[in-house]
Amino acid sequence: MPSRSNHRLVLVVSATGSTAAVTTTLGSLGVPEVAPPLARHLAALADPAGGASTPGATTVSTPGRAEAPGRAEARTAGDDTGRASPSATARRILGGAPERVETVNEALRSLAGGPPLLAYWAHPTLARDLRGWCGLIDDAGWEALAVLAWETPQHCVSSAGSPIAAAELLAGWELGNRRLLAALAGRTAAVVELTGGPGGPGGPGGPGGPGGPGGLRGPGGSSAAHDADLSPASVAALATLIGMPSPRGRTRSTRAGPTSTSPPGDGPADGSPAEDRSLGVVLPAQVELSETLRSLSGAHRALVLPELAPRSAWAEALDRAADRARRSALETVEAWRYGALRGEHADVLWRALWQTSDQLAQVVAGCSPAPAIPPYGLDATSDVHGYQAWITEHEAAPGEPGSAAANDPRLAAGPLVSVVVPVYKADLSLLDAALSSVRRQTYDRWELCLCDDGSDDPALSAALAAYGAADPRVKVTALPTNSGISAATNAALALASGEWVAFLDQDDELAAGALGAVATAVLDEPSADLVYTDDDKIDRNGRRFGPQFKPDWSPDLLLSMCYFSHLVAMRRSLVDEVGGLRSAFDGGQDWDLALRVSERARSVAHVPEILYHWRAVPGSAALDSSSKPWAYEAARRALVDALERRGEPGTVDHHPRFRGLYHVRREVVGQPMVSIVIPFRDGAGMLQRCVDSLVADPGHDAVELLLVDNGSTEPEMAALLERLSGDDRVTVVEDGRPFNWAALNNRAVECSSGDMVLTLNNDITARSPGWLREMVGHAQRPGIGAVGARLLYPDGRVQHVGAVIGLGGIVAHPMRGLPGDHPGYMGFAAVVRNWSAVTGACLLTRRSVLEEMGGFDEALAVAFNDVDFCLRMVEAGYRIVTTPLAEMVHAESSTRGFTGYGRDIVPFVRRWADWLRGEDPMFSPHLSRLDARCVVRLADEEARWNSLQQRLAPSSPSSASA
């Protein structure tokens with residue numbers, strides 16, 4: 001390697017693309033970024049289509065490394081020092097294009113003699129190009145110093161959204177790091193460990209995976225790049241490497257505050273090895289490679305490639321299977337797009353995608369230890385970077401959501417809103433931020449009512465007096481002694497003269513358009529007596545995170561969690577009518593008031609915009625759910641009181657694992673008979689398991705089973721039916737017509753005698769004790785049309801907790817694939833709540849409702865008949881509910897598969913076009929309709945969504961029979 005000179009380039013490379021912490025640190029050491037012409041060609045080298053060399057075309061002329069074919073000839077064409085000329089090397093790398101070669105040479109000449117320069121390596125899996133780039137710099141007389149930024153394989157696993165994604169991430173991590181070590185062997189380098197977040201979507205195996213569409217993201221492309229940080233030892237190593245003094249505290253951490261927590265497997269912040277907490281999918285070969293990289297951490301004169309075990313067969317097989325699966329899926333999509341499969345397009349496409357998933361699953365199962373299910377991945381609440389992108393798109397300067405309402409001429413005579421704030425020993429800076437957020441409102445018909453709850457703080461008293469003196473709309477009172485939050489809130493309410501009251505905590509903030517949006521909602525819906533909005537959290541520095549995008553009015557969800565949260569506004573007359581807040585429920589006083597007011601409200605309105613910022617500081621409930629343990633018992637008592645007040649028998653339990661979530665167990669009144677209808681064809685073992693599980697511990701004894709035989713031929717099934725027919729509870733219904741799920745269930749109902757009907761697939765097995773009692777307790781309620789269960793895949797992942805209209809294009813299950821012990825987005829997978837539809841694989845309804853709806857629509861033979869039934873009930877005024885206390889295992893479509901699925905798309909889409917074009921009220925317009933994990937919906941989704949809708953839309957009336 002040439003001797004050290006001022007002609008130095010620092011190459012930052014990473015197997016995951018997460019380099020932000022390294023580049024920030026180098027910037028603090030005085031290392032500027034490389035000039036744009038050089039950066040452009042660096043990017044071009046990473047793009048084979050842009051003229052990158054073929055493998056083996058070049059190597060680096062460093063002692064100890066073999067020369068590639070053609071190297072000797074290049075030396076004879078070089079200068080008299082024996083070094084190849086920059087032009088010769090550049091010509092080989094850039095494909096011989098003279099203008100591109102000259103651009104590189106000009107850039108090199110213009111930068112010679114300056115300080116060290118910083119370049120990113122955005123695509124480290126193309127190791128041949130990294131070698132070629134190093135050779136180009138060497139031959140130009142520069143010194144190319146390398147910084148290899150690496151993360152543990154556990155980081156990759158913790159960022160995966162599914163077992164398949166975890167497998168691909170690990171395979172890419174292993175491949176990328178091996179290639180980087182090979183490319184940098186013998187070169188002066190530093191190996192630094194990123195101690196922050198995981199590789200994220202930009203890592204190998206993310207969208208496209210290694211070598212696939214999308215590849216690896218460069219600096220800033222990884223969602224975790226801004227969460228990573230470097231230890232002091234790594235900073236010192238970088239300073240030593242480039243010959244610069246230590247920044248002595250000038251280095252600024254890129255860690256993103258309290259939300260940047262270390263995932264399982266992270267080393268401590270000082271870079272020292274941590275206890276190995278590797279997950280089951282981390283293979284010995286990957287552990288060995290990770291340990292090697294850790295041992296190399298620090299500055300080195302020469303990076304030596306150690307002897308490593310061969311790359312795992314599992315990772316190699318995954319690469320091959322993933323490539324085959326991607327090619328197959330892409331070919332199918334292309335054929336679909338150009339109309340080659342027009343007649344059965346949906347059926348063929350779905351079949352290809354299922355085959356893709358099966359191929360990868362088989363590789364994982366056959367080549368690796370039985371993996372633990374990895375974390376599900378980020379959703380809208382936990383994806384900090386995705387939410388920042390949403391804020392940028394959705395709240396573009398200068399306005400905030402709701403600010404457009406200021407232009408509504410009706411607001412000139414809109415309702416007066418009294419903002420009520422109880423105050424107790426407040427942090428004056430945060431109190432000022434809260435009150436200033438009221439004064440900044442774009443809607444000016446407000447008043448601010450403050451009550452000091454006996455703080456005995458002269459500085460606070462003076463501040464409150466100053467607020468009152470500065471603005472006549474600010475009213476201040478004080479209690480002589482500390483009396484609790486309900487008493488203080490009621491005292492502030494006594495000052496209010498507004499038609500509406502809104503509640504604000506002393507350290508939270510309102511969005512600028514919050515009150516205007518509330519006023520607009522009241523004008524749009526005059527019968528509304530309660531309005532709630534979406535909210536997020538905000539730290540002391542003003543950084544926002546943790547959005548809560550809520551569904552529209554869901555009465556059952558409000559009995560499971562206080563999902564209203566903030567901002568809540570209520571009609572003042574109704575608050576007075578229910579008696580205001582009650583001190584007996586302090587800690588759960590807001591929830592108690594919301595329950596009482598919602599019971600009497602003519603309607604409840606939801607403004608689906610982030611209009612309230614909940615302050616998250618140490619000791620607050622926003623940051624630590626265990627900070628106020630007494631509040632959880634107060635909330636439970638408020639729920640018990642609500643059931644008693646409504647005359648609805650039941651009990652209320654804390655969720656056994658998740659604070660702030662509750663289970664309301666409804667008592668069954670009387671002994672209603674339940675007819676369980678199970679269509680089947682053959683599969684005796686499956687049906688036997690299903691029936692055995694149903695009768696083991698249903699918690700409700702008034703049951704009859706109607707087994708609908710749709711043309712079984714196996715002798716095993718004949719023997720099973722003969723045995724089951726001896727049970728008085730079992731009736732076998734013969735129906736050999738072509739399979740039509742709706743018709744089979746309608747026929748069985750005609751033969752049944754139950755007060756309620758439960759449709760059930762034969763691949764279902766009951767898992768939770770008392771499952772039927774829980775469903776019947778809800779189904780007997782007059783306003784409930786259908787009750788669904790929580791269904792799990794055999795491996796424990798969530799298959800169904802409800803259905804969302806429009807998700808996936810038509811209808812799909814949110815949080816599908818979620819680990820079974822995870823509460824899901826906002827806890828929605830762990831509580832009773834309302835949805836727009838549930839799956840007919842396990843659906844309970846009253847016979848009277850089924851008859852009122854005219855049964856299931858037999859025109860939808862295979863798919864969407866259950867969703868169609870639910871939507872008809874919703875339009876008739878019924879609610880749909882699911883309960884996690886009825887938990888079943890569902891080996892989905894084990895008997896019939898998805899045959900005939902495509903034929904039902906057109907009539908369903910035609911019938912429910914308005915629902916599909918709109919937004920499901922039980923979801924949120926800010927959550928993705930293309931990703932079941934409840935991630936934020938960004939602007940680039942709209943084009944893909946519209947394209948999907950155009951392809952699904954029937955092209956002509958005749959297509960309805962396709």
# chains A, B, ... in the order shown; residues from 1 in each chain; ligands from 1
>>> residues_around(residues="Gly754 of chain A", least_positions_apart="2", cutoff="6 Å", atoms="only C-alpha atoms", output="compact mmCIF listing (two decimals) with N, CA, C and O atoms, in the first residue's frame")
# COMPACT_ATOMS: atom_id res chain seq x y z
N MET A 673 -79.83 -22.51 23.45
CA MET A 673 -79.27 -23.62 22.69
C MET A 673 -78.42 -23.08 21.54
O MET A 673 -78.84 -22.17 20.81
N VAL A 674 -77.22 -23.65 21.37
CA VAL A 674 -76.31 -23.24 20.30
C VAL A 674 -76.17 -24.38 19.30
O VAL A 674 -75.80 -25.51 19.68
N SER A 675 -76.46 -24.11 18.04
CA SER A 675 -76.29 -25.08 16.96
C SER A 675 -74.94 -24.82 16.29
O SER A 675 -74.74 -23.76 15.69
N SER A 752 -81.62 -27.27 12.14
CA SER A 752 -81.18 -27.04 13.52
C SER A 752 -82.34 -26.56 14.38
O SER A 752 -83.39 -26.17 13.88
N MET A 756 -79.11 -19.94 18.81
CA MET A 756 -77.94 -19.31 18.19
C MET A 756 -77.30 -20.30 17.25
O MET A 756 -77.42 -21.52 17.43
>>> select_by_dssp(residues="segment 592-815 of chain A", states="alpha helix (DSSP H)", output="VMD selection string")
chain A and resid 592 to 600 629 to 646 684 to 696 715 to 724 741 to 750 771 to 779
>>> closest_residue(among="A:Ala299, A:Val881, A:Leu170, A:Ala635", to="Phe828 of chain A", atoms="only C-alpha atoms")
A:Val881
>>> residues_around(residues="Asn746 of chain A", least_positions_apart="4", cutoff="8 Å", atoms="only C-alpha atoms", output="PDB file with all heavy atoms, in the first residue's frame")
ATOM      1  N   ALA A 742     -71.904 -21.061   1.730  1.00  0.00           N
ATOM      2  CA  ALA A 742     -73.124 -20.379   2.162  1.00  0.00           C
ATOM      3  C   ALA A 742     -74.318 -21.326   2.118  1.00  0.00           C
ATOM      4  O   ALA A 742     -75.129 -21.390   3.057  1.00  0.00           O
ATOM      5  CB  ALA A 742     -73.374 -19.148   1.294  1.00  0.00           C
ATOM      6  N   GLU A 750     -81.550 -24.882   8.599  1.00  0.00           N
ATOM      7  CA  GLU A 750     -82.930 -25.355   8.450  1.00  0.00           C
ATOM      8  C   GLU A 750     -83.177 -26.611   9.282  1.00  0.00           C
ATOM      9  O   GLU A 750     -84.309 -26.857   9.721  1.00  0.00           O
ATOM     10  CB  GLU A 750     -83.229 -25.632   6.975  1.00  0.00           C
ATOM     11  CG  GLU A 750     -83.214 -24.393   6.096  1.00  0.00           C
ATOM     12  CD  GLU A 750     -83.354 -24.745   4.618  1.00  0.00           C
ATOM     13  OE1 GLU A 750     -83.440 -25.961   4.308  1.00  0.00           O
ATOM     14  OE2 GLU A 750     -83.364 -23.823   3.782  1.00  0.00           O
ATOM     15  N   GLY A 855     -80.173 -15.190   5.779  1.00  0.00           N
ATOM     16  CA  GLY A 855     -79.119 -16.199   5.708  1.00  0.00           C
ATOM     17  C   GLY A 855     -77.888 -15.692   4.978  1.00  0.00           C
ATOM     18  O   GLY A 855     -77.742 -14.496   4.690  1.00  0.00           O
ATOM     19  N   PHE A 856     -76.996 -16.621   4.679  1.00  0.00           N
ATOM     20  CA  PHE A 856     -75.794 -16.294   3.922  1.00  0.00           C
ATOM     21  C   PHE A 856     -76.121 -16.256   2.438  1.00  0.00           C
ATOM     22  O   PHE A 856     -76.958 -17.025   1.950  1.00  0.00           O
ATOM     23  CB  PHE A 856     -74.691 -17.324   4.191  1.00  0.00           C
ATOM     24  CG  PHE A 856     -74.246 -17.369   5.623  1.00  0.00           C
ATOM     25  CD1 PHE A 856     -74.695 -18.367   6.481  1.00  0.00           C
ATOM     26  CD2 PHE A 856     -73.378 -16.412   6.120  1.00  0.00           C
ATOM     27  CE1 PHE A 856     -74.298 -18.412   7.804  1.00  0.00           C
ATOM     28  CE2 PHE A 856     -72.969 -16.442   7.440  1.00  0.00           C
ATOM     29  CZ  PHE A 856     -73.437 -17.435   8.299  1.00  0.00           C
TER      30      PHE A 856
END
>>> residues_around(residues="Val304 of chain A", least_positions_apart="4", cutoff="12 Å", atoms="only C-alpha atoms", output="count of residues only")
20
>>> residues_around(residues="segment 563-578 of chain A", least_positions_apart="2", cutoff="7 Å", atoms="only C-alpha atoms", output="NGL selection string")
:A and (499-503 or 529-535 or 558 or 561 or 580 or 596-597 or 611-612)
>>> write_last_selection(atoms="C-alpha atoms", output="PDB file, in the first residue's frame")
ATOM      1  CA  GLU A 499     -71.227  25.038  25.456  1.00  0.00           C
ATOM      2  CA  TRP A 500     -68.442  22.455  25.115  1.00  0.00           C
ATOM      3  CA  VAL A 501     -65.638  21.510  27.505  1.00  0.00           C
ATOM      4  CA  ALA A 502     -62.285  19.967  26.507  1.00  0.00           C
ATOM      5  CA  PHE A 503     -59.751  18.471  28.892  1.00  0.00           C
ATOM      6  CA  ASP A 529     -72.391  14.964  22.427  1.00  0.00           C
ATOM      7  CA  LEU A 530     -68.813  13.635  22.690  1.00  0.00           C
ATOM      8  CA  VAL A 531     -65.869  14.146  20.334  1.00  0.00           C
ATOM      9  CA  TYR A 532     -62.485  12.432  20.558  1.00  0.00           C
ATOM     10  CA  THR A 533     -59.355  12.714  18.409  1.00  0.00           C
ATOM     11  CA  ASP A 534     -56.126  10.846  17.722  1.00  0.00           C
ATOM     12  CA  ASP A 535     -53.026  11.649  19.746  1.00  0.00           C
ATOM     13  CA  LEU A 558     -64.171   1.465  25.482  1.00  0.00           C
ATOM     14  CA  MET A 561     -59.344   0.104  27.333  1.00  0.00           C
ATOM     15  CA  GLY A 580     -69.013  15.811  36.573  1.00  0.00           C
ATOM     16  CA  ARG A 596     -71.038   7.840  31.803  1.00  0.00           C
ATOM     17  CA  VAL A 597     -71.257  10.525  29.118  1.00  0.00           C
ATOM     18  CA  LEU A 611     -54.575  16.851  17.651  1.00  0.00           C
ATOM     19  CA  TYR A 612     -53.129  16.196  21.104  1.00  0.00           C
TER      20      TYR A 612
END
>>> select_by_dssp(residues="segment 547-686 of chain A", states="strand (DSSP E or B)", output="NGL selection string")
:A and (547-548 or 568-571 or 603-615 or 650-654 or 662-666 or 674-680)
>>> write_last_selection(atoms="N, CA, C and O atoms", output="short mmCIF file (atom, residue, chain, number, x, y, z; two decimals), in the first residue's frame")
data_model
loop_
_atom_site.label_atom_id
_atom_site.label_comp_id
_atom_site.auth_asym_id
_atom_site.auth_seq_id
_atom_site.Cartn_x
_atom_site.Cartn_y
_atom_site.Cartn_z
N PRO A 547 -47.74 7.45 17.88
CA PRO A 547 -49.10 7.89 17.52
C PRO A 547 -50.14 6.81 17.84
O PRO A 547 -49.87 5.61 17.74
N GLN A 548 -51.32 7.25 18.21
CA GLN A 548 -52.46 6.36 18.40
C GLN A 548 -53.53 6.73 17.37
O GLN A 548 -54.26 7.71 17.56
N VAL A 568 -60.37 14.76 24.31
CA VAL A 568 -61.79 14.48 24.47
C VAL A 568 -62.51 15.79 24.78
O VAL A 568 -62.08 16.55 25.65
N ALA A 569 -63.58 16.03 24.04
CA ALA A 569 -64.44 17.19 24.29
C ALA A 569 -65.86 16.68 24.48
O ALA A 569 -66.30 15.74 23.80
N MET A 570 -66.61 17.31 25.42
CA MET A 570 -67.96 16.86 25.75
C MET A 570 -68.91 18.06 25.82
O MET A 570 -68.50 19.16 26.18
N ARG A 571 -70.16 17.81 25.50
CA ARG A 571 -71.18 18.86 25.64
C ARG A 571 -71.34 19.17 27.13
O ARG A 571 -71.56 18.26 27.95
N SER A 603 -74.82 10.73 19.95
CA SER A 603 -73.83 10.12 19.06
C SER A 603 -72.45 10.53 19.54
O SER A 603 -72.29 11.54 20.25
N VAL A 604 -71.46 9.74 19.14
CA VAL A 604 -70.06 9.99 19.49
C VAL A 604 -69.29 10.19 18.19
O VAL A 604 -69.37 9.36 17.27
N ALA A 605 -68.57 11.30 18.08
CA ALA A 605 -67.84 11.64 16.86
C ALA A 605 -66.34 11.45 17.07
O ALA A 605 -65.81 11.71 18.15
N HIS A 606 -65.67 11.01 16.02
CA HIS A 606 -64.21 10.82 16.04
C HIS A 606 -63.58 11.69 14.96
O HIS A 606 -64.00 11.66 13.80
N VAL A 607 -62.60 12.49 15.35
CA VAL A 607 -61.81 13.27 14.39
C VAL A 607 -60.49 12.52 14.19
O VAL A 607 -59.64 12.52 15.08
N PRO A 608 -60.29 11.86 13.05
CA PRO A 608 -59.10 11.02 12.87
C PRO A 608 -57.86 11.83 12.50
O PRO A 608 -57.28 11.67 11.42
N GLU A 609 -57.44 12.71 13.39
CA GLU A 609 -56.23 13.50 13.20
C GLU A 609 -55.49 13.59 14.52
O GLU A 609 -56.10 13.57 15.60
N ILE A 610 -54.15 13.70 14.46
CA ILE A 610 -53.33 13.85 15.65
C ILE A 610 -53.47 15.29 16.13
O ILE A 610 -52.86 16.21 15.58
N LEU A 611 -54.28 15.50 17.18
CA LEU A 611 -54.57 16.85 17.65
C LEU A 611 -54.14 17.09 19.08
O LEU A 611 -54.37 18.18 19.63
N TYR A 612 -53.53 16.08 19.70
CA TYR A 612 -53.13 16.20 21.10
C TYR A 612 -51.77 15.52 21.26
O TYR A 612 -51.56 14.40 20.74
N HIS A 613 -50.85 16.18 21.97
CA HIS A 613 -49.51 15.64 22.19
C HIS A 613 -49.34 15.38 23.69
O HIS A 613 -49.30 16.32 24.49
N TRP A 614 -49.26 14.11 24.04
CA TRP A 614 -49.21 13.65 25.43
C TRP A 614 -47.76 13.65 25.88
O TRP A 614 -46.92 12.96 25.31
N ARG A 615 -47.47 14.42 26.92
CA ARG A 615 -46.08 14.61 27.35
C ARG A 615 -45.53 13.32 27.99
O ARG A 615 -46.14 12.75 28.89
N GLY A 650 -71.91 -9.23 34.62
CA GLY A 650 -70.59 -9.62 34.16
C GLY A 650 -69.55 -9.26 35.20
O GLY A 650 -69.83 -8.64 36.22
N THR A 651 -68.32 -9.67 34.93
CA THR A 651 -67.20 -9.36 35.82
C THR A 651 -66.10 -8.69 35.00
O THR A 651 -66.07 -8.81 33.76
N VAL A 652 -65.21 -7.99 35.69
CA VAL A 652 -64.11 -7.28 35.03
C VAL A 652 -62.79 -7.74 35.63
O VAL A 652 -62.61 -7.69 36.86
N ASP A 653 -61.88 -8.18 34.78
CA ASP A 653 -60.56 -8.63 35.23
C ASP A 653 -59.48 -7.79 34.56
O ASP A 653 -59.62 -7.37 33.39
N HIS A 654 -58.39 -7.54 35.29
CA HIS A 654 -57.21 -6.98 34.66
C HIS A 654 -56.68 -7.98 33.63
O HIS A 654 -56.72 -9.19 33.86
N TYR A 662 -58.30 -4.62 29.89
CA TYR A 662 -59.22 -5.31 30.79
C TYR A 662 -60.07 -6.30 29.99
O TYR A 662 -60.33 -6.11 28.80
N HIS A 663 -60.50 -7.36 30.68
CA HIS A 663 -61.41 -8.33 30.09
C HIS A 663 -62.76 -8.26 30.81
O HIS A 663 -62.82 -8.49 32.03
N VAL A 664 -63.79 -7.93 30.08
CA VAL A 664 -65.15 -7.97 30.61
C VAL A 664 -65.75 -9.32 30.25
O VAL A 664 -65.92 -9.64 29.07
N ARG A 665 -66.04 -10.11 31.27
CA ARG A 665 -66.63 -11.44 31.06
C ARG A 665 -68.15 -11.32 31.25
O ARG A 665 -68.62 -11.06 32.36
N ARG A 666 -68.89 -11.53 30.19
CA ARG A 666 -70.35 -11.41 30.24
C ARG A 666 -70.97 -12.70 30.77
O ARG A 666 -70.60 -13.80 30.37
N VAL A 674 -77.22 -23.65 21.37
CA VAL A 674 -76.31 -23.24 20.30
C VAL A 674 -76.17 -24.38 19.30
O VAL A 674 -75.80 -25.51 19.68
N SER A 675 -76.46 -24.11 18.04
CA SER A 675 -76.29 -25.08 16.96
C SER A 675 -74.94 -24.82 16.29
O SER A 675 -74.74 -23.76 15.69
N ILE A 676 -74.02 -25.78 16.42
CA ILE A 676 -72.69 -25.64 15.82
C ILE A 676 -72.70 -26.37 14.48
O ILE A 676 -72.88 -27.59 14.42
N VAL A 677 -72.51 -25.61 13.39
CA VAL A 677 -72.58 -26.15 12.03
C VAL A 677 -71.17 -26.32 11.50
O VAL A 677 -70.42 -25.34 11.41
N ILE A 678 -70.81 -27.55 11.10
CA ILE A 678 -69.46 -27.84 10.62
C ILE A 678 -69.54 -28.54 9.27
O ILE A 678 -69.77 -29.76 9.21
N PRO A 679 -69.39 -27.85 8.15
CA PRO A 679 -69.29 -28.53 6.85
C PRO A 679 -67.94 -29.23 6.73
O PRO A 679 -66.93 -28.76 7.27
N PHE A 680 -67.91 -30.37 6.01
CA PHE A 680 -66.65 -31.10 5.85
C PHE A 680 -66.76 -32.01 4.63
O PHE A 680 -67.85 -32.30 4.12
#
>>> residues_around(residues="Pro480 of chain A", least_positions_apart="4", cutoff="9 Å", atoms="only C-alpha atoms", output="JSON, numbers by chain")
{"A": [452, 453, 454, 455, 456]}
>>> residues_around(residues="segment 386-388 of chain A", least_positions_apart="4", cutoff="7 Å", atoms="only C-alpha atoms", output="list in words")
Ala380, Thr392, Phe545 and Val936 of chain A
>>> write_last_selection(atoms="N, CA and C atoms", output="PDB file, in the first residue's frame")
ATOM      1  N   ALA A 380     -47.327   1.256  13.642  1.00  0.00           N
ATOM      2  CA  ALA A 380     -47.387   2.719  13.588  1.00  0.00           C
ATOM      3  C   ALA A 380     -46.939   3.368  14.887  1.00  0.00           C
ATOM      4  N   THR A 392     -44.108  14.638   8.237  1.00  0.00           N
ATOM      5  CA  THR A 392     -43.622  15.498   7.159  1.00  0.00           C
ATOM      6  C   THR A 392     -44.630  15.575   6.022  1.00  0.00           C
ATOM      7  N   PHE A 545     -43.674  11.058  18.966  1.00  0.00           N
ATOM      8  CA  PHE A 545     -43.573   9.630  18.673  1.00  0.00           C
ATOM      9  C   PHE A 545     -44.830   8.949  19.204  1.00  0.00           C
ATOM     10  N   VAL A 936     -47.956   2.966   9.389  1.00  0.00           N
ATOM     11  CA  VAL A 936     -48.508   4.223   8.905  1.00  0.00           C
ATOM     12  C   VAL A 936     -48.670   4.187   7.392  1.00  0.00           C
TER      13      VAL A 936
END
>>> atom_distance(atom1="atom CA of Leu9 of chain A", atom2="atom CA of Ala144 of chain A")
4.8 Å
>>> atom_distance(atom1="atom CA of Arg582 of chain A", atom2="atom CA of Ala594 of chain A")
11.7 Å
>>> atom_distance(atom1="atom CA of Asp408 of chain A", atom2="atom CA of Arg439 of chain A")
19.5 Å
>>> closest_atom_pairs(of="segment 644-670 of chain A", to="segment 779-794 of chain A", cutoff="10 Å", atoms="only C-alpha atoms", output="CSV")
residue,atom,partner,partner_atom,distance
A:Glu648,CA,A:Arg781,CA,9.0
A:Arg666,CA,A:Arg781,CA,9.5
A:Glu667,CA,A:Gln780,CA,9.8
A:Val668,CA,A:Gln780,CA,7.7
A:Val669,CA,A:Gln780,CA,7.9
A:Gly670,CA,A:Gln780,CA,9.9
>>> write_last_selection(atoms="N, CA and C atoms", output="short mmCIF file (atom, residue, chain, number, x, y, z; two decimals), in the first residue's frame")
data_model
loop_
_atom_site.label_atom_id
_atom_site.label_comp_id
_atom_site.auth_asym_id
_atom_site.auth_seq_id
_atom_site.Cartn_x
_atom_site.Cartn_y
_atom_site.Cartn_z
N GLU A 648 -76.02 -4.86 33.07
CA GLU A 648 -75.42 -5.91 32.25
C GLU A 648 -74.57 -6.81 33.16
N ARG A 666 -68.89 -11.53 30.19
CA ARG A 666 -70.35 -11.41 30.24
C ARG A 666 -70.97 -12.70 30.77
N GLU A 667 -71.92 -12.54 31.67
CA GLU A 667 -72.65 -13.70 32.16
C GLU A 667 -73.70 -14.12 31.14
N VAL A 668 -73.89 -15.42 31.00
CA VAL A 668 -74.92 -15.93 30.10
C VAL A 668 -76.24 -15.95 30.84
N VAL A 669 -77.25 -15.34 30.25
CA VAL A 669 -78.58 -15.29 30.84
C VAL A 669 -79.40 -16.46 30.29
N GLY A 670 -79.89 -17.31 31.18
CA GLY A 670 -80.64 -18.47 30.74
C GLY A 670 -79.73 -19.56 30.20
#
